[in-house]
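J.: target-v5.txt is the file, holding compact mmCIF, C-alpha atoms:
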# COMPACT_ATOMS: atom_id res chain seq x y z
CA MET V 241 -26.05 4.23 29.84
CA MET V 242 -28.91 5.57 27.71
CA ASP V 243 -26.98 8.79 27.12
CA ILE V 244 -24.01 6.83 25.76
CA ILE V 245 -26.28 4.84 23.41
CA LYS V 246 -27.93 8.06 22.19
CA GLN V 247 -24.53 9.63 21.57
CA ASN V 248 -23.38 6.60 19.56
CA ILE V 249 -26.57 6.59 17.48
CA LYS V 250 -26.21 10.32 16.86
CA MET V 251 -22.58 9.90 15.82
CA ILE V 252 -23.42 7.01 13.45
CA TRP V 253 -26.25 9.05 11.91
CA GLN V 254 -23.89 12.01 11.38
CA GLN V 255 -21.44 9.68 9.64
CA LEU V 256 -24.23 8.35 7.42
CA ARG V 257 -25.31 11.87 6.50
CA LYS V 258 -21.73 12.72 5.51
CA GLY V 259 -21.95 10.40 2.56
CA ILE V 260 -22.31 6.71 3.37
CA LEU V 261 -26.12 6.79 3.27
CA GLN V 262 -26.17 8.64 -0.05
CA VAL V 263 -23.59 6.37 -1.65
CA PHE V 264 -25.22 3.24 -0.26
CA THR V 265 -28.68 4.27 -1.48
CA ALA V 266 -27.29 5.04 -4.92
CA SER V 267 -25.46 1.71 -4.93
CA VAL V 268 -28.66 -0.19 -4.08
CA VAL V 269 -30.47 1.52 -6.95
CA ASN V 270 -27.54 0.86 -9.28
CA LYS V 271 -27.32 -2.84 -8.44
CA PHE V 272 -31.08 -3.21 -8.86
CA VAL V 273 -30.82 -1.63 -12.31
CA VAL V 274 -27.89 -3.91 -13.21
CA MET V 275 -29.84 -6.95 -12.00
CA LEU V 276 -32.79 -5.99 -14.20
CA SER V 277 -30.49 -5.58 -17.19
CA ASN V 278 -28.94 -9.01 -16.54
CA MET V 279 -32.43 -10.51 -16.38
CA ILE V 280 -33.11 -9.06 -19.83
CA LEU V 281 -29.74 -10.22 -21.16
CA THR V 282 -30.26 -13.84 -20.07
CA ARG V 283 -33.68 -13.89 -21.73
CA MET V 284 -32.91 -11.96 -24.92
CA LEU V 285 -29.68 -13.84 -25.70
CA THR V 286 -29.34 -17.59 -26.11
CA GLN V 287 -27.22 -19.50 -23.57
CA ASN V 288 -24.49 -19.75 -26.21
CA GLU V 289 -24.56 -15.99 -26.91
CA TYR V 290 -24.64 -15.13 -23.21
CA GLY V 291 -21.74 -17.51 -22.61
CA ILE V 292 -19.68 -15.81 -25.36
CA LEU V 293 -20.52 -12.34 -24.03
CA SER V 294 -19.60 -13.42 -20.48
CA TYR V 295 -16.27 -14.80 -21.70
CA VAL V 296 -15.50 -11.60 -23.66
CA GLY V 297 -16.40 -9.50 -20.62
CA ASN V 298 -14.16 -11.72 -18.51
CA ILE V 299 -11.18 -11.17 -20.84
CA TYR V 300 -11.84 -7.42 -20.93
CA SER V 301 -11.86 -7.43 -17.14
CA TYR V 302 -8.27 -8.68 -17.13
CA ALA V 303 -7.24 -5.63 -19.15
CA ASN V 304 -9.35 -3.51 -16.81
CA LEU V 305 -7.41 -4.89 -13.84
CA ILE V 306 -4.12 -3.34 -14.98
CA MET V 307 -5.78 -0.17 -16.25
CA GLY V 308 -3.43 2.73 -15.54
CA PHE V 309 -1.08 0.49 -13.52
CA GLY V 310 -2.76 1.51 -10.26
CA LEU V 311 -2.62 5.27 -10.83
CA ILE V 312 -6.34 5.52 -10.02
CA ALA V 313 -5.64 4.44 -6.44
CA GLY V 314 -2.63 6.77 -6.32
CA ALA V 315 -4.83 9.68 -7.39
CA LEU V 316 -7.17 8.99 -4.47
CA GLN V 317 -4.41 8.60 -1.87
CA PHE V 318 -2.25 11.59 -2.83
CA GLY V 319 -5.14 13.77 -3.96
CA THR V 320 -6.75 13.35 -0.53
CA GLU V 321 -3.47 13.91 1.34
CA ASN V 322 -2.90 17.15 -0.58
CA ARG V 323 -6.52 18.32 -0.58
CA GLY V 324 -6.84 22.08 -1.07
CA GLN V 325 -3.18 22.49 -2.08
CA PRO V 326 -1.84 23.22 -5.59
CA THR V 327 -0.16 19.80 -5.57
CA GLU V 328 -3.56 18.08 -5.52
CA ASN V 329 -4.40 19.00 -9.11
CA ARG V 330 -0.86 18.15 -10.24
CA PHE V 331 -1.37 14.58 -9.09
CA TYR V 332 -4.67 14.35 -10.96
CA ARG V 333 -3.16 15.79 -14.14
CA TYR V 334 -0.20 13.41 -14.03
CA CYS V 335 -2.46 10.38 -13.44
CA ALA V 336 -4.70 11.40 -16.36
CA VAL V 337 -1.92 11.96 -18.92
CA VAL V 338 0.33 9.04 -18.00
CA GLY V 339 -2.65 6.73 -17.37
CA LEU V 340 -4.01 7.33 -20.88
CA PHE V 341 -0.63 6.49 -22.42
CA ILE V 342 -0.41 3.28 -20.36
CA ASN V 343 -3.92 2.21 -21.35
CA ILE V 344 -3.13 2.63 -25.05
CA LEU V 345 -0.14 0.32 -24.57
CA ILE V 346 -2.32 -2.21 -22.73
CA ILE V 347 -4.84 -2.23 -25.59
CA ILE V 348 -2.07 -2.78 -28.17
CA VAL V 349 -0.49 -5.63 -26.18
CA PHE V 350 -3.79 -7.41 -25.51
CA SER V 351 -4.85 -7.03 -29.15
CA LEU V 352 -1.62 -8.58 -30.38
CA VAL V 353 -1.78 -11.45 -27.87
CA PHE V 354 -5.34 -12.41 -28.82
CA LEU V 355 -4.65 -11.89 -32.51
CA ILE V 356 -1.87 -14.48 -32.44
CA GLY V 357 -3.07 -16.82 -29.71
CA LYS V 358 -5.84 -19.39 -29.74
CA LEU V 359 -8.90 -19.18 -27.50
CA PRO V 360 -10.98 -22.02 -26.06
CA ILE V 361 -14.01 -20.14 -27.44
CA PRO V 362 -12.88 -18.94 -30.93
CA GLN V 363 -16.11 -16.98 -31.59
CA ALA V 364 -15.10 -14.54 -28.84
CA LYS V 365 -11.91 -13.31 -30.55
CA ILE V 366 -13.46 -10.61 -32.76
CA TYR V 367 -15.53 -9.21 -29.89
CA ILE V 368 -12.46 -8.97 -27.65
CA HIS V 369 -10.70 -6.72 -30.18
CA ILE V 370 -13.78 -4.51 -30.46
CA TYR V 371 -14.23 -4.33 -26.69
CA LEU V 372 -10.68 -3.36 -25.66
CA PRO V 373 -10.72 0.36 -26.68
CA LEU V 374 -13.47 0.92 -24.10
CA LEU V 375 -10.59 0.88 -21.61
CA ILE V 376 -9.59 4.47 -22.44
CA ILE V 377 -12.92 6.14 -21.78
CA GLN V 378 -13.59 3.93 -18.75
CA TYR V 379 -10.28 5.02 -17.21
CA LEU V 380 -11.16 8.70 -17.59
CA ILE V 381 -14.61 8.14 -16.05
CA GLN V 382 -13.10 6.32 -13.06
CA LEU V 383 -10.52 9.07 -12.56
CA LEU V 384 -13.24 11.72 -12.49
CA PHE V 385 -15.14 9.71 -9.87
CA ILE V 386 -11.95 9.37 -7.81
CA ILE V 387 -11.50 13.15 -7.84
CA LEU V 388 -15.03 13.57 -6.45
CA ARG V 389 -14.28 11.00 -3.73
CA SER V 390 -11.01 12.61 -2.71
CA GLN V 391 -12.85 15.92 -2.30
CA SER V 392 -15.67 14.24 -0.33
CA GLN V 393 -18.32 15.38 -2.81
CA PHE V 394 -20.37 12.24 -2.19
CA GLU V 395 -23.76 13.68 -3.15
CA ILE V 396 -22.59 14.55 -6.67
CA TYR V 397 -20.64 11.28 -6.82
CA ALA V 398 -23.74 9.22 -5.97
CA LYS V 399 -25.95 11.02 -8.51
CA LEU V 400 -23.44 10.64 -11.34
CA GLN V 401 -22.89 6.96 -10.50
CA THR V 402 -26.63 6.38 -10.77
CA ILE V 403 -26.82 8.21 -14.09
CA GLU V 404 -23.92 6.10 -15.40
CA THR V 405 -25.55 2.83 -14.34
CA ILE V 406 -28.99 3.66 -15.74
CA LEU V 407 -27.61 4.79 -19.10
CA PHE V 408 -25.20 1.85 -19.37
CA ALA V 409 -27.78 -0.77 -18.36
CA GLY V 410 -30.51 0.78 -20.48
CA GLY V 411 -28.25 0.95 -23.53
CA THR V 412 -27.13 -2.65 -23.04
CA CYS V 413 -30.72 -3.90 -22.84
CA LEU V 414 -31.69 -1.95 -25.95
CA GLY V 415 -28.67 -3.37 -27.75
CA THR V 416 -29.79 -6.98 -27.15
CA ILE V 417 -32.38 -6.48 -29.91
CA TRP V 418 -29.46 -6.78 -32.36
CA GLY V 419 -27.63 -9.53 -30.43
CA ILE V 420 -24.05 -9.30 -29.19
CA ASN V 421 -23.12 -6.69 -31.81
CA GLY V 422 -25.89 -4.42 -30.55
CA VAL V 423 -24.73 -4.84 -26.94
CA VAL V 424 -21.16 -3.82 -27.78
CA ILE V 425 -22.21 -0.77 -29.85
CA ALA V 426 -24.63 0.33 -27.12
CA ARG V 427 -21.88 0.19 -24.51
CA TYR V 428 -19.63 2.44 -26.59
CA ILE V 429 -22.39 5.02 -27.06
CA THR V 430 -23.53 5.04 -23.42
CA LEU V 431 -20.00 5.32 -21.96
CA PHE V 432 -19.24 8.26 -24.26
CA VAL V 433 -22.45 10.00 -23.19
CA VAL V 434 -21.66 9.32 -19.52
CA PHE V 435 -18.18 10.82 -19.94
CA LEU V 436 -19.64 14.00 -21.45
CA ILE V 437 -22.18 14.35 -18.62
CA ILE V 438 -19.59 13.91 -15.86
CA GLY V 439 -17.10 16.18 -17.63
CA TRP V 440 -19.70 18.93 -17.92
CA GLN V 441 -20.68 18.58 -14.25
CA MET V 442 -16.99 18.85 -13.22
CA ARG V 443 -15.95 21.45 -15.82
CA GLY V 444 -14.70 23.90 -13.19
CA MET V 445 -12.41 21.33 -11.57
CA LEU V 446 -11.20 20.06 -14.94
CA CYS V 447 -9.99 23.53 -15.97
CA SER V 448 -7.85 23.73 -12.83
CA ILE V 449 -6.47 20.24 -13.40
CA ILE V 450 -5.63 20.87 -17.07
CA HIS V 451 -3.67 24.02 -16.17
CA ALA V 452 -1.96 22.48 -13.11
CA GLY V 453 1.83 22.31 -12.95
CA LYS V 454 4.04 19.22 -13.08
CA LEU V 455 5.09 16.90 -10.28
CA ASN V 456 8.72 16.78 -9.23
CA ILE V 457 10.79 13.58 -9.38
CA SER V 458 10.33 12.82 -5.67
CA GLN V 459 6.53 13.11 -5.93
CA LYS V 460 6.43 10.89 -9.01
CA LYS V 461 8.58 8.28 -7.29
CA GLU V 462 6.35 8.22 -4.21
CA LEU V 463 3.21 8.05 -6.36
CA TRP V 464 4.52 5.15 -8.45
CA HIS V 465 5.73 3.21 -5.40
CA TYR V 466 2.27 3.39 -3.87
CA SER V 467 0.36 2.86 -7.13
CA ILE V 468 2.31 -0.17 -8.33
CA PHE V 469 2.13 -2.12 -5.07
CA ASN V 470 -1.48 -1.14 -4.49
CA GLY V 471 -2.21 -1.99 -8.13
CA ILE V 472 -0.69 -5.45 -7.73
CA SER V 473 -2.86 -6.05 -4.68
CA SER V 474 -5.99 -4.81 -6.46
CA ILE V 475 -5.25 -6.93 -9.54
CA LEU V 476 -4.81 -10.09 -7.50
CA ASN V 477 -7.91 -9.37 -5.40
CA GLN V 478 -10.09 -8.88 -8.48
CA PHE V 479 -8.40 -11.93 -9.98
CA LEU V 480 -10.57 -14.06 -7.68
CA PHE V 481 -13.70 -12.84 -9.49
CA LEU V 482 -12.29 -13.65 -12.93
CA ILE V 483 -10.17 -16.78 -12.73
CA ASP V 484 -13.08 -19.18 -12.16
CA ILE V 485 -14.78 -18.42 -15.47
CA SER V 486 -11.44 -18.50 -17.32
CA MET V 487 -10.53 -21.88 -15.84
CA LEU V 488 -14.01 -23.25 -16.49
CA ALA V 489 -13.58 -22.25 -20.13
CA ILE V 490 -10.19 -23.99 -20.30
CA LEU V 491 -11.04 -27.12 -18.30
CA MET V 492 -14.63 -27.68 -19.46
CA VAL V 493 -14.84 -25.80 -22.82
CA SER V 494 -18.60 -25.30 -22.52
CA THR V 495 -20.39 -22.00 -23.10
CA PRO V 496 -23.60 -23.26 -21.37
CA LYS V 497 -21.56 -24.15 -18.25
CA ILE V 498 -19.95 -20.71 -18.31
CA ALA V 499 -23.39 -19.10 -18.64
CA ILE V 500 -24.73 -21.14 -15.70
CA TYR V 501 -21.78 -20.25 -13.47
CA LYS V 502 -21.97 -16.61 -14.55
CA VAL V 503 -25.58 -16.47 -13.36
CA ALA V 504 -24.50 -17.96 -10.00
CA THR V 505 -21.92 -15.18 -9.59
CA LEU V 506 -24.14 -12.22 -10.50
CA ILE V 507 -25.55 -11.41 -7.06
CA PRO V 508 -22.57 -12.58 -4.91
CA ASN V 509 -20.25 -10.38 -6.99
CA ALA V 510 -22.74 -7.52 -7.02
CA LEU V 511 -22.93 -7.59 -3.21
CA SER V 512 -19.45 -6.10 -3.14
CA PHE V 513 -21.18 -2.71 -3.41
CA ILE V 514 -22.10 -3.01 0.29
CA PRO V 515 -18.56 -2.84 1.74
CA GLN V 516 -17.50 -0.67 -1.20
CA SER V 517 -20.10 1.95 -0.27
CA VAL V 518 -18.53 2.16 3.18
CA VAL V 519 -15.00 2.19 1.76
CA ILE V 520 -15.82 5.02 -0.65
CA CYS V 521 -16.78 7.34 2.20
CA VAL V 522 -14.58 6.13 5.07
CA VAL V 523 -11.19 5.79 3.30
CA PRO V 524 -10.64 9.56 2.76
CA ASN V 525 -11.10 10.05 6.53
CA ILE V 526 -8.73 7.16 7.31
CA ILE V 527 -6.09 8.74 5.07
CA THR V 528 -6.32 12.00 7.04
CA HIS V 529 -6.18 10.12 10.41
CA ASN V 530 -3.67 7.42 9.46
CA HIS V 531 -1.40 8.22 12.44
CA ASP V 532 -4.16 8.44 15.07
CA ALA V 533 -4.34 4.95 16.62
CA SER V 534 -7.25 5.77 18.95
CA TRP V 535 -9.40 7.13 16.11
CA LEU V 536 -8.49 4.21 13.86
CA SER V 537 -9.30 1.63 16.51
CA LYS V 538 -12.74 3.09 17.26
CA THR V 539 -13.58 3.51 13.58
CA PHE V 540 -12.48 -0.01 12.64
CA ASN V 541 -14.35 -1.64 15.52
CA LYS V 542 -17.63 0.06 14.62
CA THR V 543 -17.20 -0.52 10.90
CA PHE V 544 -16.38 -4.23 11.10
CA MET V 545 -19.09 -4.96 13.66
CA GLY V 546 -21.75 -3.17 11.65
CA MET V 547 -20.65 -4.88 8.44
CA PHE V 548 -20.63 -8.32 10.09
CA ILE V 549 -24.21 -7.99 11.35
CA PHE V 550 -25.48 -6.59 8.05
CA ASN V 551 -23.77 -9.23 5.88
CA LEU V 552 -24.90 -12.07 8.14
CA PHE V 553 -28.52 -10.99 7.75
CA ILE V 554 -28.29 -10.44 3.97
CA GLY V 555 -26.34 -13.67 3.36
CA SER V 556 -28.71 -15.87 5.37
CA PHE V 557 -31.73 -14.43 3.58
CA LEU V 558 -30.23 -14.95 0.11
CA ILE V 559 -29.16 -18.53 0.85
CA LEU V 560 -32.66 -19.35 2.09
CA ILE V 561 -34.49 -18.04 -1.00
CA ALA V 562 -31.80 -18.97 -3.56
CA PRO V 563 -34.04 -20.98 -5.98
CA TRP V 564 -36.58 -18.18 -6.16
CA ILE V 565 -33.83 -15.59 -6.85
CA ILE V 566 -32.22 -17.62 -9.65
CA GLU V 567 -35.58 -18.26 -11.32
CA ILE V 568 -36.45 -14.55 -11.27
CA ILE V 569 -33.04 -13.39 -12.49
CA ALA V 570 -32.40 -15.92 -15.25
CA GLY V 571 -35.32 -18.32 -15.57
CA LYS V 572 -35.92 -21.99 -14.73
CA GLN V 573 -33.25 -23.14 -17.20
CA TYR V 574 -30.63 -21.76 -14.79
CA LEU V 575 -31.87 -23.41 -11.57
CA VAL V 576 -28.77 -25.61 -11.59
CA SER V 577 -26.97 -22.41 -10.48
CA VAL V 578 -28.59 -22.56 -7.02
CA GLN V 579 -25.91 -24.59 -5.23
CA PRO V 580 -22.87 -22.64 -6.48
CA PHE V 581 -24.87 -19.47 -5.79
CA ARG V 582 -25.26 -20.44 -2.12
CA ILE V 583 -21.56 -21.25 -1.78
CA LEU V 584 -20.55 -17.93 -3.36
CA VAL V 585 -22.94 -15.98 -1.10
CA ALA V 586 -21.36 -17.65 1.95
CA GLY V 587 -17.95 -16.65 0.60
CA TYR V 588 -19.13 -13.06 0.19
CA CYS V 589 -20.30 -12.94 3.83
CA ILE V 590 -16.73 -13.65 4.91
CA ALA V 591 -14.86 -11.60 2.31
CA GLY V 592 -17.39 -8.74 2.30
CA THR V 593 -16.95 -8.35 6.03
CA PHE V 594 -13.20 -8.78 6.41
CA ARG V 595 -11.19 -8.86 3.16
CA SER V 596 -12.93 -6.01 1.32
CA LEU V 597 -12.59 -3.58 4.22
CA SER V 598 -9.15 -4.70 5.41
CA VAL V 599 -7.50 -4.40 1.99
CA ASN V 600 -8.76 -0.84 1.49
CA PHE V 601 -7.99 0.22 5.05
CA LEU V 602 -4.43 -1.14 4.79
CA ALA V 603 -3.99 0.76 1.52
CA ALA V 604 -5.16 3.96 3.26
CA LEU V 605 -2.44 3.31 5.87
CA LYS V 606 0.04 2.84 2.97
CA VAL V 607 0.65 -0.82 3.84
CA VAL V 608 0.74 -1.72 0.17
CA LYS V 609 3.53 -4.32 0.14
CA TRP V 610 1.77 -6.59 2.63
CA ASN V 611 -1.48 -6.20 0.68
CA ALA V 612 0.33 -7.33 -2.47
CA PHE V 613 1.88 -10.31 -0.68
CA CYS V 614 -1.46 -11.44 0.79
CA SER V 615 -3.14 -11.09 -2.59
CA LEU V 616 -0.43 -13.19 -4.25
CA ILE V 617 -0.87 -16.00 -1.70
CA THR V 618 -4.65 -15.86 -2.14
CA SER V 619 -4.49 -15.97 -5.94
CA MET V 620 -2.11 -18.93 -5.89
CA ALA V 621 -4.47 -20.74 -3.53
CA ASP V 622 -7.43 -19.99 -5.81
CA ILE V 623 -5.66 -21.36 -8.90
CA ILE V 624 -4.57 -24.52 -7.10
CA LEU V 625 -8.07 -25.09 -5.69
CA ASN V 626 -9.62 -24.55 -9.14
CA LEU V 627 -7.23 -27.05 -10.72
CA LEU V 628 -8.09 -29.60 -8.05
CA LEU V 629 -11.83 -29.04 -7.74
CA ILE V 630 -13.17 -28.07 -11.20
CA PRO V 631 -12.26 -31.40 -12.89
CA ARG V 632 -13.94 -33.26 -10.01
CA PHE V 633 -16.95 -31.09 -9.18
CA GLY V 634 -17.39 -28.84 -12.24
CA ILE V 635 -19.02 -25.48 -11.51
CA LEU V 636 -19.41 -26.46 -7.86
CA GLY V 637 -15.63 -26.90 -7.70
CA ALA V 638 -15.15 -23.35 -8.99
CA ALA V 639 -17.46 -22.05 -6.27
CA TYR V 640 -15.67 -24.02 -3.54
CA ALA V 641 -12.32 -22.68 -4.81
CA THR V 642 -13.52 -19.09 -4.56
CA PHE V 643 -14.88 -19.69 -1.05
CA GLY V 644 -11.56 -21.15 0.12
CA ALA V 645 -9.54 -18.32 -1.40
CA GLU V 646 -11.78 -15.65 0.14
CA LEU V 647 -11.43 -17.28 3.57
CA ILE V 648 -7.62 -17.26 3.30
CA ALA V 649 -7.58 -13.64 2.13
CA SER V 650 -9.86 -12.52 4.95
CA VAL V 651 -7.73 -14.11 7.67
CA LEU V 652 -4.47 -12.69 6.29
CA THR V 653 -5.61 -9.11 5.70
CA PHE V 654 -7.76 -8.65 8.81
CA SER V 655 -5.07 -10.06 11.12
CA PHE V 656 -2.42 -7.73 9.72
CA LEU V 657 -4.72 -4.71 9.89
CA MET V 658 -5.27 -5.27 13.61
CA ALA V 659 -1.52 -5.74 14.10
CA ARG V 660 -0.85 -2.52 12.19
CA VAL V 661 -3.17 -0.50 14.43
CA LYS V 662 -1.43 -1.89 17.51
CA ASN V 663 1.92 -0.91 16.03
CA ILE V 664 0.73 2.66 15.40
CA HIS V 665 -0.50 2.80 19.00
CA LYS V 666 2.90 1.67 20.32
CA LYS V 667 4.65 4.35 18.26
CA GLU V 668 2.31 6.98 19.72
CA LEU V 669 3.09 5.84 23.27
CA SER V 670 6.85 5.85 22.68
CA SER V 671 6.76 9.32 21.10
CA ASN V 672 4.78 10.71 24.05
CA GLN V 673 7.24 9.40 26.63
Output the structure of this file as structure tokens.
T.:
Amino acid sequence: MMDIIKQNIKMIWQQLRKGILQVFTASVVNKFVVMLSNMILTRMLTQNEYGILSYVGNIYSYANLIMGFGLIAGALQFGTENRGQPTENRFYRYCAVVGLFINILIIIVFSLVFLIGKLPIPQAKIYIHIYLPLLIIQYLIQLLFIILRSQSQFEIYAKLQTIETILFAGGTCLGTIWGINGVVIARYITLFVVFLIIGWQMRGMLCSIIHAGKLNISQKKELWHYSIFNGISSILNQFLFLIDISMLAILMVSTPKIAIYKVATLIPNALSFIPQSVVICVVPNIITHNHDASWLSKTFNKTFMGMFIFNLFIGSFLILIAPWIIEIIAGKQYLVSVQPFRILVAGYCIAGTFRSLSVNFLAALKVVKWNAFCSLITSMADIILNLLLIPRFGILGAAYATFGAELIASVLTFSFLMARVKNIHKKELSSNQ
């Protein structure tokens, strides 16, 4: 018995050394830096200014959702499947060129929509137009990170992610001296510097990608099929993080209320780095073993169990000390955020254990249509719950709506993932007979 336990511990440690520990450590540092920058933002800006900035960031996030129409995820999937082959760099090159063209179109469309349309917070309009071009450089940065992931270069990935976070957060904090305008300018400068640093670090790979050949029609078709459906799923999943603030702005038209709710979401949303750290390192291996039911079953069991225990501990601790956390992050004027904060943390414990992992694991198994369907159902549920609960309970209603939607999403995705593994196992048995 002791030998089996030692073997399991040794195997887990080897997995951690392969990348999860490095990525997780970097993610902890990054989130701590982001939290510090948010503390400075809430103190340097007035509630009205912070509410406007939060609303602008929320609108920008919608554009960010459709960035590249899912080609980032396609680059990871097909780059990993073709690792070490000439086709790998062709996929990256195609995703870079076509993705840039798509993002320019997105910026034009969004700019025209917000130029003509009316906003519940009119002061935000000018900042939205200034913010949107950031989409281009952010897409390129994300694509470079995806290339590092697909090649399992997690040590370099973790270091560059930390550099990006420190520069971005530091620039944002420095920009608050000049108000919202300073924040926006600082974000442009820091993202450009980050892009140059990553590009220089990956200069050898970039040369190969730039001179790579073209994909054939069949490869493009397969890439787009995967990217679009996976993109729809990703958009709708991220939609849950954005719709609450948008609906609060529409239904309550109050920048202080938006600021209060935004503070309540900071840590629950930031906690997504925990399952994401696991996903970053595990998904490439799942892609390479996506027909091995035995391997998948063992990996999923260990991953979900470990995540459940970890999230239960973290969630319980955060709920217990919620008032202290809110006061440190944003000050006493935001203590009204405590109750929605607790609800959102409870929602994370469920979604961070089941939905976050299941969605990414299903995508690695190329089950993208079901992912999209589940995400659509979840988003519809979230909108309906917001419409019902926000007018009655205000910011608490928004928190309850998110909790309910995350519970629905977790049940749907986790159940289908388990069913998918069983189906792969049955196919293995039938092929061996």
J.: Using all atoms listed in the file, which protein or nucleic acid residues come within 12 Å of Leu575 in chain V? Drop anything in the same chain fewer than 4 positions from it, and give the result as a list of chain:residue names.
T.: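 Skipping anything fewer than 4 positions along the chain leaves V:Ala499, V:Ile500, V:Tyr501, V:Val503, V:Ala504, V:Ala562, V:Pro563, V:Trp564, V:Ile565, V:Ile566, V:Glu567, V:Ile568, V:Ile569, V:Ala570, V:Gly571, V:Gln579, V:Pro580, V:Phe581, V:Arg582.
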J.: Report, in Å with one decimal, the straight-line distance from CA of Asn270 in chain V to CA of Thr402 in chain V.
T.: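 Interatomic distance, CA of Asn270 in chain V to CA of Thr402 in chain V: 5.8 Å.
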J.: Write out as CSV the residues of range 482-573 of chain V that have any atom within 12 Å of an atom of range 368-387 of chain V, one row each with the nearest atom pair and its distance in Å to one decimal, counting all atoms listed in the file, sorted by chain and then rising number.
T.:
residue,atom,partner,partner_atom,distance
V:Ile520,CA,V:Ile386,CA,9.2
V:Cys521,CA,V:Ile386,CA,11.3
V:Val523,CA,V:Ile386,CA,11.7
V:Pro524,CA,V:Ile386,CA,10.7
J.: State, in Å with one decimal place, the distance from CA of Leu536 in chain V to CA of Phe613 in chain V.
T.: 23.0 Å
J.: So that I can check the surroundings of Lys502 in chain V, please list as a ChimeraX atom specification every protein, DNA and RNA residue that reaches within 12 Å of it, counting only C-alpha atoms and ignoring chain neighbours fewer than 3 positions away.
T.: /V:278,282,287,290-295,297-298,481-486,488-489,495-499,505-510,566,569-570,574,576-578,580-581,584,635,638-639
J.: With C-alpha atoms kept, could you save the residues just selected as an mmCIF file, in the frame of the given file?
T.:
data_model
loop_
_atom_site.group_PDB
_atom_site.id
_atom_site.type_symbol
_atom_site.label_atom_id
_atom_site.label_comp_id
_atom_site.auth_asym_id
_atom_site.auth_seq_id
_atom_site.Cartn_x
_atom_site.Cartn_y
_atom_site.Cartn_z
ATOM 1 C CA ASN V 278 -28.940 -9.010 -16.540
ATOM 2 C CA THR V 282 -30.260 -13.840 -20.070
ATOM 3 C CA GLN V 287 -27.220 -19.500 -23.570
ATOM 4 C CA TYR V 290 -24.640 -15.130 -23.210
ATOM 5 C CA GLY V 291 -21.740 -17.510 -22.610
ATOM 6 C CA ILE V 292 -19.680 -15.810 -25.360
ATOM 7 C CA LEU V 293 -20.520 -12.340 -24.030
ATOM 8 C CA SER V 294 -19.600 -13.420 -20.480
ATOM 9 C CA TYR V 295 -16.270 -14.800 -21.700
ATOM 10 C CA GLY V 297 -16.400 -9.500 -20.620
ATOM 11 C CA ASN V 298 -14.160 -11.720 -18.510
ATOM 12 C CA PHE V 481 -13.700 -12.840 -9.490
ATOM 13 C CA LEU V 482 -12.290 -13.650 -12.930
ATOM 14 C CA ILE V 483 -10.170 -16.780 -12.730
ATOM 15 C CA ASP V 484 -13.080 -19.180 -12.160
ATOM 16 C CA ILE V 485 -14.780 -18.420 -15.470
ATOM 17 C CA SER V 486 -11.440 -18.500 -17.320
ATOM 18 C CA LEU V 488 -14.010 -23.250 -16.490
ATOM 19 C CA ALA V 489 -13.580 -22.250 -20.130
ATOM 20 C CA THR V 495 -20.390 -22.000 -23.100
ATOM 21 C CA PRO V 496 -23.600 -23.260 -21.370
ATOM 22 C CA LYS V 497 -21.560 -24.150 -18.250
ATOM 23 C CA ILE V 498 -19.950 -20.710 -18.310
ATOM 24 C CA ALA V 499 -23.390 -19.100 -18.640
ATOM 25 C CA THR V 505 -21.920 -15.180 -9.590
ATOM 26 C CA LEU V 506 -24.140 -12.220 -10.500
ATOM 27 C CA ILE V 507 -25.550 -11.410 -7.060
ATOM 28 C CA PRO V 508 -22.570 -12.580 -4.910
ATOM 29 C CA ASN V 509 -20.250 -10.380 -6.990
ATOM 30 C CA ALA V 510 -22.740 -7.520 -7.020
ATOM 31 C CA ILE V 566 -32.220 -17.620 -9.650
ATOM 32 C CA ILE V 569 -33.040 -13.390 -12.490
ATOM 33 C CA ALA V 570 -32.400 -15.920 -15.250
ATOM 34 C CA TYR V 574 -30.630 -21.760 -14.790
ATOM 35 C CA VAL V 576 -28.770 -25.610 -11.590
ATOM 36 C CA SER V 577 -26.970 -22.410 -10.480
ATOM 37 C CA VAL V 578 -28.590 -22.560 -7.020
ATOM 38 C CA PRO V 580 -22.870 -22.640 -6.480
ATOM 39 C CA PHE V 581 -24.870 -19.470 -5.790
ATOM 40 C CA LEU V 584 -20.550 -17.930 -3.360
ATOM 41 C CA ILE V 635 -19.020 -25.480 -11.510
ATOM 42 C CA ALA V 638 -15.150 -23.350 -8.990
ATOM 43 C CA ALA V 639 -17.460 -22.050 -6.270
#
J.: Neighbours of Ala641 in chain V within 8 Å (all atoms listed in the file; same-chain residues fewer than 2 positions away dropped), as a list in words?
T.: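 My reading of the contact set: Asp622, Ile623, Leu625, Asn626, Leu629, Gly637, Ala638, Ala639, Phe643, Gly644 and Ala645 of chain V.
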J.: Which value, in Å to one decimal, gives the distance between CA of Leu400 in chain V and CA of Ile437 in chain V?
T.: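 Result for CA of Leu400 in chain V versus CA of Ile437 in chain V: 8.3 Å, one decimal.
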J.: Nearest residue to Gly339 in chain V out of V:Ser467, V:Gln317, V:Ser392, V:Asn288, using only C-alpha atoms?
T.: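 Using only C-alpha atoms, the shortest distance to Gly339 in chain V belongs to V:Ser467.
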J.: Around all the atoms of range 504-512 of chain V listed in the file, with 5 Å of room on each side, what axis-aligned box do you get, giving centre and edge lengths in Å to one decimal, as lines of an AutoDock Vina configuration file?
T.:
center_x = -22.5
center_y = -12.0
center_z = -6.8
size_x = 16.1
size_y = 21.9
size_z = 17.4
J.: Rank nothing, just name the residue among V:Gly422, V:Gly415, V:Gly453, V:Gly592 nearest to Ser517 in chain V, using all atoms listed in the file.
T.: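 Smallest separation from Ser517 in chain V among the options: V:Gly592.
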